[in-house]
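See below for query-v9.txt, which holds compact mmCIF, C-alpha atoms.
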```txt
# COMPACT_ATOMS: atom_id res chain seq x y z
CA MET A 1 0.00 0.00 0.00
CA PHE A 2 2.27 2.74 1.24
CA ARG A 3 5.81 1.68 0.35
CA PRO A 4 8.04 -1.33 -0.37
CA LYS A 5 9.59 -3.12 2.59
CA ASN A 6 12.62 -1.56 4.26
CA SER A 7 14.34 -1.81 7.62
CA ILE A 8 13.17 -0.20 10.86
CA LEU A 9 16.44 1.68 11.12
CA LEU A 10 16.01 3.28 7.71
CA GLY A 11 12.47 4.24 8.59
CA PHE A 12 13.62 5.99 11.76
CA LEU A 13 16.44 7.75 9.95
CA ALA A 14 14.10 8.99 7.26
CA LEU A 15 11.58 10.32 9.74
CA ALA A 16 14.30 11.95 11.80
CA ALA A 17 15.56 13.66 8.68
CA VAL A 18 12.23 15.27 7.77
CA LEU A 19 13.23 18.63 9.25
CA LEU A 20 16.94 18.42 8.48
CA TRP A 21 17.02 18.63 4.70
CA GLY A 22 18.70 21.60 3.15
CA ARG A 23 21.03 22.16 0.22
CA LEU A 24 20.66 18.87 -1.57
CA PRO A 25 22.48 17.72 -4.71
CA LEU A 26 21.09 18.44 -8.15
CA ALA A 27 19.73 15.36 -9.91
CA ALA A 28 17.52 15.05 -12.96
CA VAL A 29 13.97 13.91 -12.18
CA SER A 30 11.81 12.70 -15.04
CA SER A 31 8.03 12.58 -15.16
CA SER A 32 8.20 8.78 -14.76
CA GLN A 33 9.75 9.27 -11.32
CA ILE A 34 6.78 11.32 -10.10
CA ARG A 35 3.67 9.18 -9.78
CA ILE A 36 0.18 10.62 -9.19
CA LEU A 37 -1.87 8.20 -7.11
CA THR A 38 -4.99 7.71 -5.02
CA ASP A 39 -5.24 5.22 -2.16
CA PRO A 40 -8.47 4.93 -0.11
CA HIS A 41 -6.66 2.57 2.30
CA LEU A 42 -4.26 5.37 3.11
CA ASP A 43 -7.05 7.95 3.18
CA VAL A 44 -9.07 6.13 5.86
CA ILE A 45 -6.17 6.53 8.31
CA TYR A 46 -6.20 10.29 7.82
CA HIS A 47 -9.99 10.28 7.86
CA THR A 48 -9.80 8.79 11.36
CA LEU A 49 -7.06 11.21 12.46
CA ALA A 50 -9.16 14.14 11.24
CA HIS A 51 -11.48 13.59 14.20
CA PHE A 52 -8.72 14.85 16.52
CA ASN A 53 -8.56 18.47 15.51
CA LEU A 54 -5.66 20.66 16.63
CA PRO A 55 -6.53 24.27 15.72
CA GLY A 56 -3.39 26.28 15.05
CA ASP A 57 -1.12 23.25 15.43
CA ARG A 58 1.35 22.44 12.67
CA PHE A 59 0.05 18.85 12.68
CA ASN A 60 -3.53 19.87 11.93
CA LEU A 61 -3.85 18.96 8.26
CA PHE A 62 -7.58 18.86 7.88
CA SER A 63 -10.33 21.32 7.00
CA GLU A 64 -12.37 22.76 9.83
CA ASP A 65 -15.63 21.28 8.54
CA TYR A 66 -14.35 17.80 7.59
CA VAL A 67 -15.94 15.95 10.52
CA ARG A 68 -19.24 17.77 9.96
CA ARG A 69 -19.23 16.76 6.28
CA MET A 70 -18.47 13.14 7.17
CA GLY A 71 -21.33 13.17 9.67
CA GLN A 72 -23.66 14.27 6.89
CA ALA A 73 -22.26 11.57 4.58
CA LYS A 74 -22.98 8.92 7.23
CA ARG A 75 -26.55 10.14 7.49
CA ASP A 76 -26.93 10.18 3.71
CA LEU A 77 -25.64 6.61 3.48
CA GLU A 78 -27.69 5.56 6.52
CA VAL A 79 -24.58 4.24 8.26
CA GLY A 80 -25.43 5.52 11.70
CA GLU A 81 -23.11 6.67 14.47
CA THR A 82 -19.80 4.85 14.86
CA GLY A 83 -17.62 4.32 17.91
CA LEU A 84 -15.31 7.05 16.69
CA ASP A 85 -18.21 9.49 16.52
CA ARG A 86 -19.19 8.67 20.10
CA GLU A 87 -15.69 8.74 21.62
CA ALA A 88 -13.84 11.33 19.55
CA ALA A 89 -14.74 14.39 21.65
CA ALA A 90 -13.50 12.79 24.90
CA LEU A 91 -10.39 11.19 23.42
CA GLU A 92 -9.40 14.27 21.44
CA GLN A 93 -8.28 15.74 24.75
CA ARG A 94 -5.88 12.82 25.27
CA TYR A 95 -4.53 13.34 21.76
CA ARG A 96 -3.90 17.01 22.54
CA GLN A 97 -2.16 16.24 25.84
CA ARG A 98 0.27 13.65 24.48
CA PRO A 99 2.36 15.11 21.62
CA ARG A 100 4.02 11.74 20.91
CA LEU A 101 0.70 10.56 19.48
CA ARG A 102 1.31 12.93 16.53
CA PHE A 103 3.62 10.18 15.23
CA LEU A 104 0.44 8.57 13.89
CA ILE A 105 0.40 11.25 11.19
CA ARG A 106 3.67 10.00 9.68
CA ALA A 107 3.53 6.35 10.75
CA PRO A 108 1.44 5.05 7.79
CA PHE A 109 4.45 5.39 5.52
CA LEU A 110 6.36 2.86 7.61
CA ALA A 111 3.71 0.25 6.79
CA ASP A 112 3.15 -1.76 3.64
CA ASP A 113 -0.59 -2.21 3.91
CA LEU A 114 -3.59 -1.15 5.96
CA ALA A 115 -4.11 -4.58 7.55
CA SER A 116 -0.64 -4.81 9.09
CA PHE A 117 -0.78 -1.14 10.17
CA LYS A 118 -4.01 -1.79 12.09
CA GLN A 119 -2.78 -5.07 13.54
CA ALA A 120 0.54 -3.66 14.74
CA LEU A 121 -1.29 -0.91 16.62
CA ALA A 122 -3.82 -3.35 18.07
CA LEU A 123 -1.04 -5.70 19.25
CA ILE A 124 1.38 -3.01 20.39
CA ASP A 125 1.77 -4.75 23.77
CA TYR A 126 2.36 -8.20 22.26
CA ASP A 127 5.07 -10.12 24.18
CA PHE A 128 7.49 -11.67 21.69
CA ARG A 129 9.21 -13.67 24.45
CA THR A 130 6.11 -15.49 25.69
CA ARG A 131 4.26 -15.18 22.39
CA THR A 132 1.18 -13.93 24.19
CA VAL A 133 -0.97 -10.82 24.45
CA PRO A 134 -1.32 -9.27 27.95
CA ALA A 135 -4.37 -10.10 30.02
CA GLY A 136 -7.65 -8.55 29.02
CA VAL A 137 -10.76 -8.04 31.14
CA LYS A 138 -10.94 -11.78 31.94
CA GLY A 139 -7.42 -11.74 33.37
CA LYS A 140 -5.93 -14.39 31.04
CA ARG A 141 -3.11 -13.89 28.59
CA ARG A 142 -4.17 -14.65 25.04
CA LYS A 143 -2.05 -16.96 22.91
CA GLU A 144 -0.15 -15.77 19.86
CA PRO A 145 -2.59 -14.51 17.23
CA LEU A 146 -2.20 -15.11 13.53
CA MET A 147 0.08 -12.22 12.64
CA PHE A 148 1.24 -10.59 9.42
CA GLY A 149 4.99 -10.46 8.87
CA ASN A 150 4.83 -6.69 8.52
CA SER A 151 3.02 -6.48 11.86
CA ARG A 152 5.98 -8.18 13.53
CA ARG A 153 8.25 -5.54 12.02
CA LEU A 154 6.03 -2.63 13.03
CA ILE A 155 5.16 -3.60 16.60
CA PRO A 156 8.64 -2.77 18.01
CA VAL A 157 8.58 0.53 16.10
CA PHE A 158 5.23 1.57 17.55
CA ARG A 159 6.08 0.29 21.03
CA ASN A 160 9.36 2.22 21.04
CA HIS A 161 7.52 5.41 20.14
CA PHE A 162 4.41 4.92 22.27
CA GLN A 163 6.03 3.92 25.54
CA ALA A 164 3.50 5.28 28.05
CA PRO A 165 0.57 2.98 28.91
CA GLN A 166 -1.87 5.76 28.00
CA GLU A 167 -0.25 6.11 24.58
CA GLN A 168 -0.42 2.37 23.95
CA ASP A 169 -4.05 2.31 25.02
CA PHE A 170 -4.78 5.13 22.55
CA ALA A 171 -2.95 3.21 19.79
CA LYS A 172 -5.08 0.11 20.39
CA ARG A 173 -8.27 2.15 20.45
CA PHE A 174 -7.19 3.91 17.27
CA ALA A 175 -6.83 0.53 15.55
CA GLY A 176 -10.37 -0.36 16.59
CA TRP A 177 -11.81 2.94 15.36
CA LEU A 178 -9.92 2.57 12.11
CA GLU A 179 -11.32 -0.92 11.54
CA GLU A 180 -14.90 0.15 12.20
CA GLU A 181 -14.68 3.34 10.14
CA HIS A 182 -13.22 1.39 7.23
CA SER A 183 -15.70 -1.50 7.24
CA ARG A 184 -18.89 0.32 8.24
CA PHE A 185 -18.47 3.62 6.42
CA TYR A 186 -15.37 4.55 4.48
CA MET A 187 -15.41 1.77 1.86
CA ILE A 188 -19.06 2.53 1.09
CA TYR A 189 -18.42 6.27 1.06
CA ARG A 190 -15.56 6.03 -1.42
CA GLU A 191 -17.54 3.72 -3.69
CA ALA A 192 -20.41 6.21 -3.66
CA ARG A 193 -18.14 9.07 -4.71
CA SER A 194 -15.93 7.14 -7.15
CA GLU A 195 -17.00 9.22 -10.20
CA TRP A 196 -16.37 12.45 -8.28
CA ASP A 197 -12.94 11.21 -7.22
CA GLN A 198 -12.09 10.25 -10.80
CA GLN A 199 -13.08 13.73 -11.98
CA GLY A 200 -10.75 15.25 -9.38
CA VAL A 201 -7.88 13.07 -10.56
CA GLU A 202 -8.53 14.15 -14.16
CA TRP A 203 -8.55 17.84 -13.21
CA PHE A 204 -5.25 17.49 -11.38
CA THR A 205 -3.67 15.38 -14.13
CA SER A 206 -4.66 17.95 -16.75
CA PHE A 207 -2.99 20.76 -14.79
CA TRP A 208 0.00 18.54 -14.07
CA LYS A 209 0.61 17.75 -17.74
CA SER A 210 0.01 21.28 -18.99
CA ARG A 211 2.01 23.23 -16.38
CA GLY A 212 2.62 21.41 -13.13
CA MET A 213 5.47 19.15 -14.13
CA SER A 214 7.45 21.98 -15.72
CA ILE A 215 6.95 24.15 -12.61
CA LEU A 216 7.97 21.42 -10.17
CA GLU A 217 10.87 19.93 -12.12
CA PRO A 218 13.67 22.33 -11.01
CA TRP A 219 12.70 21.87 -7.36
CA ALA A 220 12.36 18.12 -7.69
CA ALA A 221 15.86 18.02 -9.18
CA ARG A 222 17.23 19.70 -6.04
CA SER A 223 15.21 17.65 -3.58
CA GLY A 224 17.57 14.70 -3.20
CA VAL A 225 14.60 12.45 -4.03
CA ASN A 226 14.74 9.49 -6.38
CA GLU A 227 11.01 8.89 -6.62
CA PHE A 228 7.91 10.90 -5.76
CA LYS A 229 4.58 9.35 -4.84
CA VAL A 230 1.89 12.04 -4.84
CA PHE A 231 -1.34 10.90 -3.18
CA LEU A 232 -4.44 12.92 -4.01
CA THR A 233 -6.69 12.63 -0.96
CA PRO A 234 -10.16 14.04 -0.27
CA VAL A 235 -9.35 14.16 3.46
CA MET A 236 -6.90 17.05 3.09
CA LYS A 237 -7.93 20.61 2.44
CA GLU A 238 -5.49 23.45 1.70
CA ARG A 239 -2.59 21.73 3.46
CA GLY A 240 -0.47 18.68 2.76
CA LEU A 241 2.20 16.42 4.15
CA GLY A 242 5.56 15.30 2.83
CA VAL A 243 7.30 12.22 4.28
CA PRO A 244 10.62 10.91 2.92
CA VAL A 245 11.57 7.25 3.39
CA GLU A 246 15.05 5.96 2.63
CA GLN A 247 15.27 2.60 0.94
CA GLY A 248 18.41 0.96 -0.33
CA GLY A 249 20.29 4.23 -0.59
CA GLU A 250 17.44 5.94 -2.42
CA VAL A 251 14.84 8.37 -1.08
CA LEU A 252 11.14 7.90 -1.77
CA PHE A 253 9.14 11.04 -1.10
CA HIS A 254 5.47 10.58 -0.24
CA VAL A 255 3.31 13.68 -0.54
CA LEU A 256 -0.33 13.97 0.50
CA THR A 257 -2.11 16.78 -1.32
CA PRO A 258 -5.83 17.62 -1.57
CA LEU A 259 -7.92 15.91 -4.24
CA PRO A 260 -9.38 18.89 -6.16
CA GLU A 261 -13.14 19.39 -6.10
CA SER A 262 -13.15 21.71 -9.13
CA ARG A 263 -10.95 22.57 -12.09
CA LEU A 264 -9.77 25.70 -10.27
CA GLU A 265 -8.74 23.66 -7.23
CA ALA A 266 -6.40 21.55 -9.37
CA ALA A 267 -3.95 24.46 -9.25
CA HIS A 268 -4.45 24.77 -5.50
CA SER A 269 -3.67 21.08 -4.97
CA PHE A 270 -0.55 21.53 -7.06
CA PHE A 271 0.55 24.52 -4.95
CA VAL A 272 0.43 22.26 -1.88
CA LEU A 273 2.65 19.73 -3.67
CA LEU A 274 5.01 22.50 -4.74
CA HIS A 275 5.22 23.80 -1.16
CA GLU A 276 6.11 20.38 0.27
CA THR A 277 8.76 19.90 -2.43
CA VAL A 278 10.27 23.36 -2.03
CA ARG A 279 10.66 22.69 1.69
CA ARG A 280 13.14 19.94 0.83
CA SER A 281 15.50 22.75 -0.20
CA THR A 282 14.48 25.71 1.94
CA ASP A 283 14.11 24.21 5.43
CA GLY A 284 17.88 24.19 5.79
CA LEU A 285 18.19 27.81 4.66
CA VAL A 286 16.37 29.29 7.65
CA VAL A 287 18.65 31.18 10.04
CA PHE A 288 17.94 30.85 13.76
CA PRO A 289 19.75 32.91 16.42
CA GLY A 290 21.99 30.92 18.75
CA PRO A 291 23.49 27.45 18.29
CA ALA A 292 20.17 25.62 17.98
CA VAL A 293 16.42 25.97 18.10
CA PRO A 294 15.12 25.22 21.62
CA SER A 295 12.73 22.27 21.73
CA ASN A 296 9.98 24.42 23.25
CA GLN A 297 10.09 26.58 20.12
CA ASP A 298 9.44 23.66 17.80
CA SER A 299 6.15 25.05 16.56
CA LEU A 300 7.69 28.48 15.98
CA ALA A 301 10.58 26.97 14.03
CA SER A 302 8.16 25.01 11.86
CA GLY A 303 6.27 28.23 11.12
CA VAL A 304 9.43 29.99 9.98
CA ARG A 305 10.36 27.06 7.73
CA LYS A 306 6.88 27.08 6.26
CA ASN A 307 7.17 30.81 5.52
CA ALA A 308 10.57 30.31 3.88
CA ALA A 309 9.11 27.76 1.46
CA LEU A 310 6.10 29.97 0.71
CA VAL A 311 8.33 32.95 -0.01
CA ALA A 312 10.57 30.82 -2.24
CA GLY A 313 7.56 29.61 -4.23
CA HIS A 314 6.30 33.19 -4.57
CA LEU A 315 9.65 34.51 -5.86
CA TYR A 316 10.07 31.58 -8.23
CA LEU A 317 6.59 31.77 -9.77
CA LYS A 318 6.74 35.56 -10.07
CA ALA A 319 9.93 35.30 -12.12
CA ARG A 320 9.22 32.24 -14.23
CA PHE A 321 5.49 31.44 -14.20
CA PRO A 322 3.62 34.74 -13.78
CA GLY A 323 0.47 33.16 -15.21
CA VAL A 324 -0.14 31.24 -11.98
CA HIS A 325 1.54 33.68 -9.58
CA ARG A 326 -1.59 35.56 -8.53
CA SER A 327 -3.47 32.31 -8.00
CA TYR A 328 -0.62 31.09 -5.76
CA LEU A 329 -0.70 34.24 -3.64
CA SER A 330 -4.48 34.21 -3.42
CA PHE A 331 -4.61 30.55 -2.43
CA PHE A 332 -2.21 30.82 0.49
CA LEU A 333 -3.79 34.10 1.56
CA LYS A 334 -7.16 32.30 1.43
CA LEU A 335 -8.63 34.85 -0.96
CA PRO A 336 -11.02 33.85 -3.76
CA ASP A 337 -9.20 34.01 -7.10
CA GLY A 338 -12.03 35.86 -8.80
CA LYS A 339 -12.07 38.63 -6.18
CA ALA A 340 -8.35 38.95 -5.63
CA SER A 341 -6.60 42.24 -6.10
CA GLU A 342 -3.81 42.81 -8.57
CA VAL A 343 -0.52 41.12 -7.77
CA ASP A 344 1.02 44.46 -6.72
CA ALA A 345 -1.58 44.67 -3.94
CA LEU A 346 -1.28 41.01 -2.95
CA GLU A 347 2.48 40.94 -2.48
CA PRO A 348 2.63 43.31 0.53
CA LEU A 349 -0.20 41.37 2.15
CA PHE A 350 1.64 38.10 1.49
CA ALA A 351 4.82 39.53 3.06
CA ARG A 352 2.91 40.54 6.19
CA ARG A 353 1.08 37.23 6.47
CA PHE A 354 4.23 35.13 5.98
CA PRO A 355 7.09 37.19 7.45
CA LEU A 356 10.69 36.10 7.11
CA ASP A 357 13.66 37.59 8.92
CA PRO A 358 16.23 39.41 6.71
CA ALA A 359 18.97 36.79 7.08
CA SER A 360 16.68 33.92 6.11
CA ARG A 361 15.17 35.91 3.26
CA ARG A 362 18.62 36.59 1.80
CA GLN A 363 19.36 32.87 1.92
CA VAL A 364 16.06 32.05 0.23
CA GLU A 365 16.48 34.71 -2.46
CA ALA A 366 19.96 33.46 -3.29
CA PHE A 367 18.72 29.90 -3.58
CA VAL A 368 15.79 30.87 -5.81
CA ASP A 369 18.22 32.79 -8.03
CA SER A 370 20.26 29.59 -8.39
CA VAL A 371 17.11 27.68 -9.38
CA LEU A 372 16.17 30.32 -11.93
CA SER A 373 19.65 30.37 -13.43
CA GLN A 374 19.64 26.62 -14.00
CA LYS A 375 18.53 25.76 -17.51
```
Encoded form (C-alpha cells):
Amino acid sequence: MFRPKNSILLGFLALAAVLLWGRLPLAAVSSSQIRILTDPHLDVIYHTLAHFNLPGDRFNLFSEDYVRRMGQAKRDLEVGETGLDREAAALEQRYRQRPRLRFLIRAPFLADDLASFKQALALIDYDFRTRTVPAGVKGKRRKEPLMFGNSRRLIPVFRNHFQAPQEQDFAKRFAGWLEEEHSRFYMIYREARSEWDQQGVEWFTSFWKSRGMSILEPWAARSGVNEFKVFLTPVMKERGLGVPVEQGGEVLFHVLTPLPESRLEAAHSFFVLLHETVRRSTDGLVVFPGPAVPSNQDSLASGVRKNAALVAGHLYLKARFPGVHRSYLSFFLKLPDGKASEVDALEPLFARRFPLDPASRRQVEAFVDSVLSQK
C-alpha cells in the first residue's frame, strides 16, 4: 500500500531527517519518477485522524468542517453513528495532551498495507518472548494470534515510540476505530463518490501535464529524491504532508495533497505539492539565532520554515510562471481568485502574512536565483 519493505532503522532515519534537509544535490527527475496516485486505504487513516482536531497546530492537516461533512455523509448513506463518533470528543483531549501521538500522522508510511498497520497498533503490547498478548478483562493472557509479517516488524517501532501505557491504550483504540470506520463507512463512502474522485484526478492530471510538471521539475531536481509518490486525498484541504523514506540508498518522497473538487482547485492542490517539495530545499536555509532551536520553540521553528518555502515559491513563480503567480498568492492568503486584487496589492499582504527575517530571506532569495539560473 504505502511503500516497499525496508528496515526499521532506515524508517527511523528517514523520519528523523524530515526537518533536516537543506542544500541537496542536483539530480535530474523525469516525469516517470513522479507518480500521481490515489489510495483509499491510506485515506481512511487520515480520515480517522481528522477527528482529533488541533486548531493552530502544525500537525492539523484537515479542513475545519471535515468531521461535519463526514457526519452528513454517514446520514446520507444511513450508516449511523460509529464508535469514533461517540468517543472522539472525549479522546481528542488525550490526543492534545500527548504530543508523541502525533507520530500517527507520519507512521502510515512505515507500513506496507492497511491490515498490518491496524494489527501492529492493536497488538502493540504483544510479548514476543512469551508469544502472548497481555491479560484482558478476563485476566488471562491470550495466545499468539495469527500475525502478518509486517506487523511483527512494526510492533517494536510503535512500542518504542508509544512507551507510556496511555499512549499504547490510545494506539489500540485507534486501531479499533480505524477498523470500524473502514468496514462500516469509508469503503461505502468512497464507492459512492468514485466518479467524483475520478473527476478530481482528471482535473489534477490535466494541470500537471500542462504546467505542473514543468513548474515542479527544477525543485524536484534539487530535492535529493529518487522517486515521488503524490497521493491525491479528499481528506486534506489546503494543506499537505511530505514524508521521505530511505530505501536501499534511495529516497522515496510521499506527498499527501488535496484531491481537487473543481478545475480551479487543481492548481491549488498543485501549490500544496510545490510547497512540500520546495521545503526539501528551503528548510535548511532558515537562520535561527543561537546554536540551535530550543525544543519548546518547535512550533515556531516550523512556522518559519513554512514561511521560507512559501516565499521561495512566490519569488520563483513571479519570475518564471507569472500566469499562476496571482493564484498562488491568493490561495495561500485564502482569498477567492475571482475577487483577488492585482498582484502588486497582494504581495505586501503576502509579506505581512508570511514574514521572514532578513537573514533567512537573503538565503532564500539566493537559492531561488540559483534555481532560476539553471537551464
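Take the candidates A:Leu216, A:Ile34, A:Ala73, A:Leu42 and check each one against Tyr316 in chain A using only C-alpha atoms; the shortest distance goes to A:Leu216.
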Spatial neighbours of Arg102 in chain A, max dist 12 Å, all atoms listed in the file, sep filter under 2 positions, as a count of residues only: 29
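Nearest to Ser194 in chain A of all the residues A:Pro234, A:Val324, A:Glu227, A:Gln33 is A:Pro234, counting all atoms listed in the file.
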Scan for residues within 12 Å of the point (18.7, 32.8, -1.8) in the coordinates of the file, using only C-alpha atoms, and reply as a ChimeraX atom specification. /A:23,281-282,284-287,308-309,311-313,315-316,358-373
As an exercise, work out the distance from CA of Met147 in chain A to CA of Asp125 in chain A in Å and give it to one decimal place.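 If I compute the distance from CA of Met147 in chain A to CA of Asp125 in chain A, I get 13.5 Å.
Each of A:Phe350, A:Phe228, A:Leu256, A:Phe185 was checked against Glu78 in chain A using all atoms listed in the file; the smallest atom-to-atom distance is that of A:Phe185.
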Determine the nearest neighbour of Val278 in chain A from the options A:Val225, A:Leu91, A:Leu356, A:Ala175, counting all atoms listed in the file.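 Among A:Val225, A:Leu91, A:Leu356, A:Ala175, it is A:Val225 that comes nearest to Val278 in chain A.
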CA of Leu329 in chain A to CA of Phe354 in chain A, straight-line distance in Å: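 One can read the CA of Phe354 in chain A to CA of Leu329 in chain A distance as 10.8 Å.
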So how far away is CA of Met187 in chain A from CA of Val44 in chain A, in Å?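 For CA of Val44 in chain A relative to CA of Met187 in chain A, the distance reads 8.7 Å.
For the choices A:His51, A:Lys118, A:Arg353, A:His182, the atom-to-atom distance to Glu64 in chain A is smallest for A:His51 when using all atoms listed in the file.
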Of the residues A:Gly323, A:Glu342, A:Thr233, A:Phe117, which is the one nearest to Gly149 in chain A, using all atoms listed in the file?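 Closest residue, counting all atoms listed in the file: A:Phe117.
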Nearby residues (only C-alpha atoms) at most 9 Å from range 84-88 of chain A, same-chain spacing under 6 positions excluded, as a list in words: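 Once the nearby chain positions are removed, what remains is Thr48, His51, Phe52, Gly71, Phe174, Gly176, Trp177, Leu178, Glu180 and Glu181 of chain A.
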So which residues are close to (4.9, 28.5, -11.5), meaning at most 9 Å away in the file's coordinates with only C-alpha atoms counted, and can you show them as a PyMOL selection string? chain A and resi 211-212+214-216+271+313-314+316-325+328
